[in-house]
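File shown: coords27.txt (compact mmCIF, C-alpha atoms).
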# COMPACT_ATOMS: atom_id res chain seq x y z
CA MET J 1 -8.28 1.12 3.02
CA ASP J 2 -12.05 1.20 3.47
CA VAL J 3 -13.52 -2.30 3.05
CA GLY J 4 -17.20 -3.22 2.95
CA MET J 5 -19.13 -6.45 2.48
CA MET J 6 -21.49 -6.81 -0.46
CA MET J 7 -24.75 -8.73 -0.02
CA VAL J 8 -26.08 -10.20 -3.25
CA PHE J 9 -29.22 -12.09 -2.06
CA THR J 10 -29.19 -14.75 -4.76
CA ASN J 11 -30.18 -18.39 -5.06
CA TYR J 12 -28.87 -18.90 -8.61
CA GLY J 13 -26.60 -21.94 -8.38
CA TRP J 14 -28.22 -23.58 -5.36
CA GLU J 15 -30.73 -26.44 -5.36
CA ASN J 16 -33.92 -26.01 -3.36
CA CYS J 17 -32.74 -22.78 -1.78
CA SER J 18 -35.76 -20.80 -0.56
CA ASP J 19 -35.95 -17.02 -0.58
CA GLN J 20 -36.17 -17.13 3.22
CA ARG J 21 -32.90 -19.07 3.41
CA VAL J 22 -31.19 -16.58 1.10
CA TRP J 23 -32.11 -13.66 3.32
CA ASP J 24 -31.32 -15.52 6.54
CA GLU J 25 -27.84 -16.47 5.32
CA GLU J 26 -26.97 -13.02 3.99
CA ILE J 27 -28.04 -11.29 7.20
CA ARG J 28 -26.13 -13.85 9.24
CA LEU J 29 -23.00 -13.00 7.25
CA ALA J 30 -23.72 -9.29 7.66
CA ARG J 31 -23.68 -9.64 11.45
CA ILE J 32 -20.35 -11.47 11.30
CA ALA J 33 -18.87 -8.76 9.04
CA ALA J 34 -20.12 -6.02 11.35
CA ASP J 35 -18.33 -7.68 14.27
CA SER J 36 -15.14 -8.37 12.29
CA GLY J 37 -13.86 -4.92 11.35
CA PHE J 38 -15.57 -4.27 8.01
CA ASP J 39 -16.51 -0.64 7.39
CA CYS J 40 -19.82 -0.92 5.57
CA LEU J 41 -22.60 -3.34 4.60
CA TRP J 42 -23.68 -2.90 0.98
CA SER J 43 -26.46 -4.28 -1.18
CA ALA J 44 -27.54 -3.94 -4.79
CA GLU J 45 -31.14 -3.45 -5.96
CA HIS J 46 -32.56 -6.22 -8.11
CA HIS J 47 -36.01 -7.63 -8.77
CA PHE J 48 -38.00 -10.69 -9.80
CA ASN J 49 -35.24 -13.27 -10.49
CA ASP J 50 -32.86 -15.77 -8.89
CA TYR J 51 -29.90 -13.57 -9.91
CA SER J 52 -30.59 -11.24 -6.98
CA PHE J 53 -33.73 -10.06 -5.20
CA VAL J 54 -33.48 -6.95 -3.04
CA PRO J 55 -36.41 -4.85 -4.27
CA ASP J 56 -35.82 -2.09 -1.70
CA ASN J 57 -32.27 -1.83 -0.43
CA LEU J 58 -33.01 1.30 1.60
CA ALA J 59 -35.61 -0.69 3.53
CA LEU J 60 -33.03 -3.44 4.05
CA MET J 61 -30.55 -0.88 5.37
CA THR J 62 -33.15 0.44 7.80
CA HIS J 63 -33.22 -3.06 9.32
CA LEU J 64 -29.45 -3.49 9.27
CA THR J 65 -28.75 -0.12 10.84
CA ALA J 66 -30.63 -1.30 13.93
CA LEU J 67 -29.26 -4.84 13.83
CA CYS J 68 -25.64 -3.72 13.38
CA PRO J 69 -25.21 -0.36 15.13
CA ASN J 70 -21.42 -0.02 14.70
CA ILE J 71 -21.01 -0.21 10.92
CA ASP J 72 -22.00 1.96 7.96
CA VAL J 73 -24.70 0.79 5.56
CA GLY J 74 -24.78 1.47 1.84
CA THR J 75 -26.74 1.03 -1.38
CA ALA J 76 -24.83 -0.16 -4.45
CA ALA J 77 -27.08 0.95 -5.84
CA VAL J 78 -30.60 2.43 -5.82
CA ILE J 79 -31.66 2.27 -9.48
CA LEU J 80 -33.05 5.74 -10.05
CA PRO J 81 -35.12 5.21 -13.25
CA TRP J 82 -37.33 2.81 -11.27
CA HIS J 83 -38.09 5.32 -8.49
CA ASP J 84 -39.50 8.77 -7.91
CA PRO J 85 -36.50 10.89 -6.83
CA LEU J 86 -38.55 12.56 -4.11
CA ARG J 87 -39.22 9.19 -2.48
CA VAL J 88 -35.54 8.21 -2.75
CA ALA J 89 -34.50 11.41 -0.97
CA GLU J 90 -37.14 10.98 1.73
CA ASN J 91 -36.24 7.35 2.38
CA ALA J 92 -32.52 8.11 2.43
CA ALA J 93 -33.11 10.89 4.94
CA VAL J 94 -35.00 8.47 7.18
CA VAL J 95 -32.27 5.79 7.07
CA ASP J 96 -29.60 8.40 7.72
CA LEU J 97 -31.49 9.84 10.65
CA LEU J 98 -32.06 6.43 12.23
CA SER J 99 -28.44 5.43 11.66
CA LYS J 100 -27.07 8.76 12.93
CA GLY J 101 -25.25 9.51 9.69
CA ARG J 102 -24.13 6.01 8.68
CA LEU J 103 -25.78 5.77 5.24
CA ARG J 104 -23.68 5.79 2.08
CA LEU J 105 -26.05 6.47 -0.80
CA GLY J 106 -25.08 4.77 -4.04
CA MET J 107 -27.14 5.31 -7.20
CA GLY J 108 -27.24 3.66 -10.63
CA ARG J 109 -29.28 3.63 -13.82
CA GLY J 110 -29.90 -0.11 -14.30
CA LEU J 111 -28.90 -2.60 -16.95
CA ALA J 112 -31.26 -5.58 -17.12
CA ARG J 113 -33.88 -5.39 -19.88
CA ARG J 114 -36.14 -7.81 -17.98
CA GLU J 115 -36.31 -5.44 -14.99
CA PHE J 116 -37.01 -2.34 -17.11
CA ASN J 117 -39.76 -4.22 -18.94
CA ALA J 118 -41.44 -5.21 -15.68
CA PHE J 119 -41.43 -1.59 -14.52
CA ARG J 120 -42.79 -0.49 -17.94
CA ILE J 121 -39.91 1.93 -18.44
CA SER J 122 -37.83 2.20 -21.60
CA MET J 123 -34.11 1.57 -21.21
CA ASP J 124 -33.63 4.40 -23.73
CA GLU J 125 -34.66 6.79 -20.96
CA SER J 126 -32.30 5.46 -18.30
CA ARG J 127 -29.48 7.94 -18.82
CA GLY J 128 -31.80 10.94 -18.99
CA ARG J 129 -33.74 9.85 -15.92
CA PHE J 130 -30.58 9.23 -13.92
CA ASP J 131 -28.96 12.51 -14.91
CA GLU J 132 -32.08 14.41 -13.87
CA ALA J 133 -32.85 12.53 -10.68
CA ALA J 134 -29.39 12.13 -9.14
CA PRO J 135 -28.57 15.88 -8.80
CA MET J 136 -32.08 16.51 -7.45
CA ILE J 137 -31.55 13.89 -4.75
CA VAL J 138 -28.07 15.09 -3.82
CA GLU J 139 -29.28 18.69 -3.60
CA ALA J 140 -32.29 17.68 -1.50
CA LEU J 141 -30.09 15.84 0.98
CA LYS J 142 -27.82 18.89 1.12
CA THR J 143 -30.42 21.64 1.45
CA GLY J 144 -33.51 19.84 2.75
CA PHE J 145 -35.55 20.89 -0.30
CA MET J 146 -36.24 19.19 -3.62
CA GLU J 147 -37.35 20.72 -6.88
CA GLY J 148 -36.99 20.00 -10.56
CA ASP J 149 -38.27 21.07 -13.95
CA GLY J 150 -36.68 18.58 -16.31
CA LYS J 151 -38.05 16.32 -19.01
CA TYR J 152 -38.94 13.49 -16.66
CA TYR J 153 -39.43 15.04 -13.22
CA LYS J 154 -41.58 18.12 -12.76
CA GLN J 155 -41.14 18.55 -9.02
CA PRO J 156 -42.50 21.64 -7.25
CA ARG J 157 -40.18 22.86 -4.50
CA ILE J 158 -40.93 20.85 -1.37
CA GLU J 159 -39.24 20.35 1.96
CA ILE J 160 -37.90 16.91 2.92
CA ARG J 161 -39.17 15.68 6.28
CA PRO J 162 -37.57 14.45 8.42
CA ARG J 163 -35.02 17.08 7.52
CA PRO J 164 -31.59 15.69 6.59
CA GLN J 165 -29.51 15.78 9.76
CA HIS J 166 -25.98 15.07 8.49
CA SER J 167 -23.85 16.16 5.56
CA PHE J 168 -23.63 13.61 2.74
CA ASP J 169 -20.27 14.97 1.59
CA GLY J 170 -18.10 11.96 0.81
CA ARG J 171 -21.07 9.60 1.12
CA ILE J 172 -22.45 9.72 -2.42
CA TYR J 173 -21.58 6.84 -4.77
CA ALA J 174 -22.51 6.19 -8.41
CA VAL J 175 -22.14 3.08 -10.55
CA ALA J 176 -19.71 3.90 -13.35
CA SER J 177 -19.24 1.10 -15.87
CA SER J 178 -19.49 3.13 -19.08
CA GLU J 179 -17.97 6.40 -20.29
CA ASP J 180 -21.16 8.41 -19.83
CA SER J 181 -21.65 6.92 -16.35
CA ILE J 182 -18.12 7.99 -15.42
CA ASP J 183 -18.95 11.51 -16.56
CA SER J 184 -22.17 11.50 -14.53
CA ALA J 185 -20.35 10.27 -11.40
CA ALA J 186 -17.71 12.99 -11.82
CA LYS J 187 -20.35 15.72 -12.15
CA LEU J 188 -22.00 14.48 -8.94
CA GLY J 189 -18.68 14.44 -7.12
CA ALA J 190 -19.43 10.82 -6.28
CA HIS J 191 -17.27 7.80 -5.61
CA MET J 192 -17.23 5.73 -8.79
CA VAL J 193 -18.45 2.16 -8.23
CA MET J 194 -17.04 -0.53 -10.51
CA PHE J 195 -17.37 -4.30 -10.60
CA ALA J 196 -14.69 -6.96 -11.07
CA ASP J 197 -15.99 -8.33 -14.34
CA ARG J 198 -12.88 -7.83 -16.48
CA PRO J 199 -9.11 -7.40 -15.91
CA TRP J 200 -8.28 -4.17 -14.10
CA GLU J 201 -5.81 -3.18 -16.81
CA MET J 202 -8.89 -2.61 -18.99
CA ARG J 203 -10.50 -0.48 -16.29
CA ALA J 204 -7.47 1.66 -15.46
CA PRO J 205 -7.89 4.26 -18.25
CA MET J 206 -11.56 4.76 -17.38
CA ILE J 207 -10.77 5.17 -13.70
CA GLU J 208 -8.13 7.76 -14.47
CA LYS J 209 -10.52 9.56 -16.81
CA GLY J 210 -13.09 9.75 -14.02
CA ARG J 211 -10.50 11.26 -11.69
CA GLN J 212 -9.52 13.84 -14.28
CA LEU J 213 -13.16 14.76 -14.92
CA HIS J 214 -13.76 15.22 -11.19
CA ARG J 215 -10.80 17.62 -10.99
CA GLN J 216 -12.12 19.46 -14.05
CA TYR J 217 -15.64 19.84 -12.65
CA HIS J 218 -14.84 20.51 -9.00
CA GLY J 219 -11.20 21.62 -8.72
CA THR J 220 -10.62 19.11 -5.93
CA GLU J 221 -9.07 15.67 -5.64
CA PRO J 222 -11.59 12.91 -6.44
CA PRO J 223 -12.96 10.47 -3.88
CA ARG J 224 -11.64 6.92 -4.04
CA VAL J 225 -13.22 4.56 -6.55
CA MET J 226 -14.99 1.58 -4.96
CA LEU J 227 -14.22 -1.80 -6.53
CA THR J 228 -16.88 -4.46 -5.96
CA GLU J 229 -15.84 -8.07 -6.27
CA PHE J 230 -16.75 -11.65 -5.46
CA CYS J 231 -14.23 -13.43 -3.28
CA VAL J 232 -13.49 -17.06 -2.52
CA CYS J 233 -10.97 -17.25 0.33
CA GLY J 234 -9.59 -20.42 1.90
CA PRO J 235 -6.53 -21.86 3.63
CA ASP J 236 -5.77 -24.66 1.17
CA ALA J 237 -3.95 -23.51 -1.95
CA ALA J 238 -4.38 -26.94 -3.54
CA THR J 239 -8.19 -26.82 -3.64
CA ILE J 240 -9.13 -23.14 -3.61
CA GLU J 241 -8.74 -22.64 -7.37
CA ASP J 242 -11.31 -25.35 -8.05
CA GLU J 243 -13.71 -23.69 -5.60
CA ALA J 244 -13.15 -20.27 -7.16
CA ARG J 245 -13.75 -21.55 -10.69
CA GLN J 246 -16.93 -23.30 -9.57
CA TYR J 247 -18.54 -20.50 -7.58
CA GLN J 248 -17.21 -17.48 -9.47
CA GLY J 249 -17.99 -19.33 -12.69
CA LYS J 250 -21.57 -19.92 -11.65
CA PHE J 251 -21.89 -16.24 -10.73
CA VAL J 252 -20.63 -15.21 -14.17
CA GLU J 253 -23.18 -17.57 -15.70
CA SER J 254 -25.95 -15.92 -13.66
CA ASN J 255 -24.68 -12.48 -14.67
CA PHE J 256 -24.75 -13.36 -18.37
CA TYR J 257 -28.24 -14.84 -17.99
CA HIS J 258 -29.70 -11.90 -16.09
CA TYR J 259 -28.24 -9.19 -18.31
CA GLU J 260 -28.48 -11.17 -21.56
CA PHE J 261 -24.87 -10.36 -22.43
CA LEU J 262 -24.83 -12.80 -25.33
CA GLY J 263 -27.80 -11.05 -26.93
CA GLU J 264 -27.86 -8.25 -29.49
CA HIS J 265 -30.28 -5.84 -27.84
CA PHE J 266 -27.67 -3.43 -26.45
CA LYS J 267 -26.97 -2.33 -30.04
CA SER J 268 -30.39 -0.72 -30.25
CA VAL J 269 -30.63 0.71 -26.73
CA LYS J 270 -29.57 4.32 -26.24
CA GLY J 271 -26.55 4.81 -23.99
CA TYR J 272 -25.50 1.17 -23.62
CA ASP J 273 -22.80 0.97 -26.30
CA SER J 274 -20.11 -0.18 -23.86
CA TYR J 275 -22.24 -3.16 -22.85
CA GLN J 276 -22.63 -4.22 -26.47
CA GLN J 277 -18.85 -4.06 -26.69
CA LYS J 278 -18.68 -6.35 -23.64
CA ALA J 279 -21.12 -8.75 -25.32
CA ASP J 280 -19.09 -8.74 -28.53
CA LEU J 281 -15.87 -9.38 -26.60
CA ALA J 282 -17.53 -12.25 -24.76
CA ARG J 283 -18.55 -13.92 -28.00
CA LYS J 284 -15.09 -13.49 -29.51
CA GLY J 285 -13.39 -14.65 -26.31
CA GLY J 286 -15.17 -17.97 -25.97
CA GLY J 287 -18.52 -16.95 -24.51
CA ILE J 288 -19.14 -17.61 -20.83
CA GLU J 289 -15.99 -19.73 -20.43
CA GLY J 290 -13.86 -16.86 -21.68
CA ALA J 291 -15.70 -14.46 -19.42
CA ILE J 292 -15.04 -16.70 -16.41
CA THR J 293 -11.33 -16.64 -17.15
CA GLY J 294 -11.37 -12.83 -17.37
CA PHE J 295 -13.42 -12.59 -14.20
CA MET J 296 -10.96 -14.77 -12.29
CA GLN J 297 -8.11 -12.55 -13.45
CA ALA J 298 -9.83 -9.55 -11.88
CA ALA J 299 -11.45 -10.97 -8.75
CA SER J 300 -9.78 -11.89 -5.47
CA TRP J 301 -9.58 -15.59 -4.72
CA GLY J 302 -7.18 -17.97 -3.04
CA THR J 303 -5.31 -18.00 0.23
CA PRO J 304 -5.03 -14.74 2.18
CA ASP J 305 -1.44 -14.36 0.99
CA LYS J 306 -2.42 -14.73 -2.68
CA ILE J 307 -5.28 -12.24 -2.24
CA LEU J 308 -2.98 -9.70 -0.58
CA ARG J 309 -0.39 -9.98 -3.36
CA GLY J 310 -3.14 -9.39 -5.91
CA LEU J 311 -4.40 -6.33 -4.06
CA GLU J 312 -0.89 -4.91 -3.79
CA ALA J 313 -0.49 -5.25 -7.56
CA ARG J 314 -3.86 -3.64 -8.12
CA ARG J 315 -2.94 -0.66 -5.94
CA LYS J 316 0.23 -0.14 -7.97
CA LEU J 317 -1.88 -0.12 -11.13
CA LEU J 318 -4.89 1.91 -9.99
CA GLY J 319 -3.80 3.90 -6.96
CA ASP J 320 -5.92 4.01 -3.81
CA PHE J 321 -9.37 2.46 -3.85
CA GLU J 322 -12.12 1.18 -1.59
CA MET J 323 -13.30 -2.44 -1.68
CA ASN J 324 -16.72 -4.03 -1.47
CA VAL J 325 -16.42 -7.80 -1.17
CA ALA J 326 -19.12 -10.47 -1.58
CA PHE J 327 -18.64 -13.96 -0.13
CA ARG J 328 -22.00 -15.59 -0.91
CA PHE J 329 -22.79 -16.10 -4.62
CA GLY J 330 -22.83 -18.74 -7.36
CA GLY J 331 -24.01 -21.64 -5.21
CA THR J 332 -21.35 -21.17 -2.53
CA PRO J 333 -22.30 -23.34 0.47
CA TYR J 334 -22.94 -21.25 3.56
CA GLU J 335 -20.04 -22.82 5.44
CA VAL J 336 -17.67 -21.87 2.58
CA SER J 337 -19.00 -18.29 2.57
CA GLU J 338 -18.57 -17.98 6.33
CA ARG J 339 -15.11 -19.55 6.19
CA GLY J 340 -14.03 -17.09 3.51
CA LEU J 341 -15.48 -14.09 5.34
CA LYS J 342 -13.82 -14.98 8.66
CA LEU J 343 -10.46 -15.82 7.11
CA PHE J 344 -10.50 -12.62 5.03
CA ALA J 345 -11.40 -10.62 8.16
CA LYS J 346 -8.62 -12.25 10.18
CA GLU J 347 -5.73 -12.20 7.72
CA VAL J 348 -6.50 -9.79 4.88
CA LEU J 349 -8.48 -6.99 6.51
CA PRO J 350 -5.87 -5.91 9.11
CA VAL J 351 -3.17 -5.73 6.45
CA VAL J 352 -5.08 -3.65 3.90
CA LYS J 353 -6.32 -1.34 6.65
CA SER J 354 -2.70 -0.66 7.62
CA TRP J 355 -1.76 0.52 4.12
CA GLY J 356 -1.08 4.22 3.77
CA PRO J 357 -2.00 6.29 0.71
CA ILE J 358 -0.37 5.40 -2.58
CA LYS J 359 0.01 7.69 -5.56
CA ALA J 360 -2.02 6.63 -8.61
CA ALA J 361 0.02 4.77 -11.18
CA GLN J 362 1.20 6.89 -14.08
CA ALA J 363 0.13 4.15 -16.48
CA ALA J 364 -3.46 4.52 -15.37

As structure tokens:
Amino acid sequence: MDVGMMMVFTNYGWENCSDQRVWDEEIRLARIAADSGFDCLWSAEHHFNDYSFVPDNLALMTHLTALCPNIDVGTAAVILPWHDPLRVAENAAVVDLLSKGRLRLGMGRGLARREFNAFRISMDESRGRFDEAAPMIVEALKTGFMEGDGKYYKQPRIEIRPRPQHSFDGRIYAVASSEDSIDSAAKLGAHMVMFADRPWEMRAPMIEKGRQLHRQYHGTEPPRVMLTEFCVCGPDAATIEDEARQYQGKFVESNFYHYEFLGEHFKSVKGYDSYQQKADLARKGGGIEGAITGFMQAASWGTPDKILRGLEARRKLLGDFEMNVAFRFGGTPYEVSERGLKLFAKEVLPVVKSWGPIKAAQAA
């Protein structure tokens, strides 16, 4: 199994936690992960708020590729509607050149109304912008040339310099949390990226649909889905549940705040129907408290043995997958994050890396 570490860069849930401290602690954890057998360092793109602040994750990966020369680096994801696709392709080519082919390029369309508003871009355009920009970027990294004549991007044919040096086959990822996003990821031939925000039994049909669409579009077996989650790992079974509820609960609270999941605006935004369904389910299921319970059913937490048993059950349900695991979120003290990372690396990582392929569950 391929296992990466997710860097969130948040200070939601901490008191008097400076932006400098956030970045120092995340990069400190990244160096530990790079030396502990993880396969990739990942980061999202977010702006302006305590929830997460990585305004340029390709720039961050440029730094990490030099700091940690023996691990892949990845974006989960670059939010395409907020960028010119030509600049994304150029910057990705630079990071990949400097890293000697270690960049995994993940792309998404964005979800937070507050971020779209700041960039003066309508959320109604997010699907169209993504579906135009993503194939342009993938093609540019494949051929060295970009061009486009769509509704949003009129790009004359131009060569990318520095020229892409390595094939990106198998290194393209796309966030896929809704049905149309799953279709877009399948068309790109990308790894689907999903987040542990609801029980995996609810995700299984969508994952299988994405696999079927990939086979339909490409006639090949699909790449593994990447499951991103937020882990609290510790040696003491008697106390770890309280820690998980506290820190994972605070993360869920930050997630609901940032994305306004208890609001009504997704009803009127084009292409975000599935998120309105999530908001409706949250209200019916007890609001944030209900969401925390669902989150804890999906996410990994507990002793290494408990986490491994959960991952074994998940593999039986979903088939093979990749993991992307965060350890610092929701006010987690640094020493708890480091403890969890090191214990996971020592007792969980070697086991999951020893697992051979498993056939996808028929129920999926």

Could you pull the residues within 7 Å of segment 323-326 of chain J, counting all atoms listed in the file, minus those fewer than 6 positions along the same chain, as a PDB file with C-alpha atoms, in the frame of the given file?
ATOM      1  CA  ASP J   2     -12.050   1.200   3.470  1.00  0.00           C
ATOM      2  CA  VAL J   3     -13.520  -2.300   3.050  1.00  0.00           C
ATOM      3  CA  GLY J   4     -17.200  -3.220   2.950  1.00  0.00           C
ATOM      4  CA  MET J   5     -19.130  -6.450   2.480  1.00  0.00           C
ATOM      5  CA  MET J   6     -21.490  -6.810  -0.460  1.00  0.00           C
ATOM      6  CA  MET J   7     -24.750  -8.730  -0.020  1.00  0.00           C
ATOM      7  CA  MET J 226     -14.990   1.580  -4.960  1.00  0.00           C
ATOM      8  CA  LEU J 227     -14.220  -1.800  -6.530  1.00  0.00           C
ATOM      9  CA  THR J 228     -16.880  -4.460  -5.960  1.00  0.00           C
ATOM     10  CA  GLU J 229     -15.840  -8.070  -6.270  1.00  0.00           C
ATOM     11  CA  PHE J 230     -16.750 -11.650  -5.460  1.00  0.00           C
ATOM     12  CA  CYS J 231     -14.230 -13.430  -3.280  1.00  0.00           C
TER      13      CYS J 231
END

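When atom CA of Pro223 of chain J is paired with atom CA of Pro357 of chain J, their separation reads 12.6 Å.
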
Between atom CA of Arg114 of chain J and atom CA of Ala291 of chain J - distance in Å to one decimal: 21.5 Å

Atom pair atom CA of Thr62 of chain J + atom CA of Val95 of chain J, distance 5.5 Å

If we count all atoms listed in the file and set the cut-off at 9 Å, which residues sit around Glu260 of chain J, ignoring sequence neighbours fewer than 5 positions away in its own chain? Please answer as a JSON list (two decimals) with C-alpha atoms, in the frame of the given file.
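As a result, around.json now contains:
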[["chain", "number", "residue", "atom", "x", "y", "z"],
["J", 112, "ALA", "CA", -31.26, -5.58, -17.12],
["J", 113, "ARG", "CA", -33.88, -5.39, -19.88],
["J", 255, "ASN", "CA", -24.68, -12.48, -14.67],
["J", 265, "HIS", "CA", -30.28, -5.84, -27.84],
["J", 279, "ALA", "CA", -21.12, -8.75, -25.32]]

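Counting only C-alpha atoms and comparing J:Gln246, J:Glu90, J:His218, J:Ala140, the residue that lies closest to Pro162 of chain J is J:Glu90.
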
Compare J:Val225, J:Leu80, J:Leu60, J:Met202 by their minimum atom-to-atom distance to Phe9 of chain J, counting only C-alpha atoms, and give me the closest one. J:Leu60

Find the spatial neighbours of His214 of chain J, counting all atoms listed in the file, within a cut-off of 7 Å - ignore same-chain residues fewer than 4 positions away - and output them as an mmCIF file with C-alpha atoms, in the frame of the given file.
data_model
loop_
_atom_site.group_PDB
_atom_site.id
_atom_site.type_symbol
_atom_site.label_atom_id
_atom_site.label_comp_id
_atom_site.auth_asym_id
_atom_site.auth_seq_id
_atom_site.Cartn_x
_atom_site.Cartn_y
_atom_site.Cartn_z
ATOM 1 C CA ALA J 186 -17.710 12.990 -11.820
ATOM 2 C CA LYS J 187 -20.350 15.720 -12.150
ATOM 3 C CA GLY J 189 -18.680 14.440 -7.120
ATOM 4 C CA GLY J 210 -13.090 9.750 -14.020
ATOM 5 C CA HIS J 218 -14.840 20.510 -9.000
ATOM 6 C CA PRO J 222 -11.590 12.910 -6.440
#

Long-range neighbours of Trp42 of chain J as a PDB file with C-alpha atoms, in the coordinates of the input, 12 Å cut-off, only C-alpha atoms, 2 positions minimum in chain:
ATOM      1  CA  VAL J   3     -13.520  -2.300   3.050  1.00  0.00           C
ATOM      2  CA  GLY J   4     -17.200  -3.220   2.950  1.00  0.00           C
ATOM      3  CA  MET J   5     -19.130  -6.450   2.480  1.00  0.00           C
ATOM      4  CA  MET J   6     -21.490  -6.810  -0.460  1.00  0.00           C
ATOM      5  CA  MET J   7     -24.750  -8.730  -0.020  1.00  0.00           C
ATOM      6  CA  VAL J   8     -26.080 -10.200  -3.250  1.00  0.00           C
ATOM      7  CA  PHE J   9     -29.220 -12.090  -2.060  1.00  0.00           C
ATOM      8  CA  GLU J  26     -26.970 -13.020   3.990  1.00  0.00           C
ATOM      9  CA  ILE J  27     -28.040 -11.290   7.200  1.00  0.00           C
ATOM     10  CA  LEU J  29     -23.000 -13.000   7.250  1.00  0.00           C
ATOM     11  CA  ALA J  30     -23.720  -9.290   7.660  1.00  0.00           C
ATOM     12  CA  ALA J  33     -18.870  -8.760   9.040  1.00  0.00           C
ATOM     13  CA  ALA J  34     -20.120  -6.020  11.350  1.00  0.00           C
ATOM     14  CA  PHE J  38     -15.570  -4.270   8.010  1.00  0.00           C
ATOM     15  CA  ASP J  39     -16.510  -0.640   7.390  1.00  0.00           C
ATOM     16  CA  CYS J  40     -19.820  -0.920   5.570  1.00  0.00           C
ATOM     17  CA  ALA J  44     -27.540  -3.940  -4.790  1.00  0.00           C
ATOM     18  CA  GLU J  45     -31.140  -3.450  -5.960  1.00  0.00           C
ATOM     19  CA  VAL J  54     -33.480  -6.950  -3.040  1.00  0.00           C
ATOM     20  CA  ASN J  57     -32.270  -1.830  -0.430  1.00  0.00           C
ATOM     21  CA  LEU J  58     -33.010   1.300   1.600  1.00  0.00           C
ATOM     22  CA  LEU J  60     -33.030  -3.440   4.050  1.00  0.00           C
ATOM     23  CA  MET J  61     -30.550  -0.880   5.370  1.00  0.00           C
ATOM     24  CA  LEU J  64     -29.450  -3.490   9.270  1.00  0.00           C
ATOM     25  CA  THR J  65     -28.750  -0.120  10.840  1.00  0.00           C
ATOM     26  CA  ILE J  71     -21.010  -0.210  10.920  1.00  0.00           C
ATOM     27  CA  ASP J  72     -22.000   1.960   7.960  1.00  0.00           C
ATOM     28  CA  VAL J  73     -24.700   0.790   5.560  1.00  0.00           C
ATOM     29  CA  GLY J  74     -24.780   1.470   1.840  1.00  0.00           C
ATOM     30  CA  THR J  75     -26.740   1.030  -1.380  1.00  0.00           C
ATOM     31  CA  ALA J  76     -24.830  -0.160  -4.450  1.00  0.00           C
ATOM     32  CA  ALA J  77     -27.080   0.950  -5.840  1.00  0.00           C
ATOM     33  CA  VAL J  78     -30.600   2.430  -5.820  1.00  0.00           C
ATOM     34  CA  ARG J 102     -24.130   6.010   8.680  1.00  0.00           C
ATOM     35  CA  LEU J 103     -25.780   5.770   5.240  1.00  0.00           C
ATOM     36  CA  ARG J 104     -23.680   5.790   2.080  1.00  0.00           C
ATOM     37  CA  LEU J 105     -26.050   6.470  -0.800  1.00  0.00           C
ATOM     38  CA  GLY J 106     -25.080   4.770  -4.040  1.00  0.00           C
ATOM     39  CA  TYR J 173     -21.580   6.840  -4.770  1.00  0.00           C
ATOM     40  CA  VAL J 193     -18.450   2.160  -8.230  1.00  0.00           C
ATOM     41  CA  MET J 226     -14.990   1.580  -4.960  1.00  0.00           C
ATOM     42  CA  THR J 228     -16.880  -4.460  -5.960  1.00  0.00           C
ATOM     43  CA  GLU J 229     -15.840  -8.070  -6.270  1.00  0.00           C
ATOM     44  CA  MET J 323     -13.300  -2.440  -1.680  1.00  0.00           C
ATOM     45  CA  ASN J 324     -16.720  -4.030  -1.470  1.00  0.00           C
ATOM     46  CA  VAL J 325     -16.420  -7.800  -1.170  1.00  0.00           C
ATOM     47  CA  ALA J 326     -19.120 -10.470  -1.580  1.00  0.00           C
TER      48      ALA J 326
END

Using only C-alpha atoms and a cutoff of 6 Å, can you tell me which residues are near (-7.4, -3.8, 0.0) in the file's coordinates, and write them out as a list in words? Met1, Leu311 and Val352 of chain J

If you count only C-alpha atoms, which residues fall within 10 Å of segment 86-89 of chain J, apart from same-chain ones fewer than 4 positions away, as number ranges by chain? J: 58, 78-80, 93-94, 105, 107, 133-134, 136-141, 144-148, 153, 155, 158-161, 164
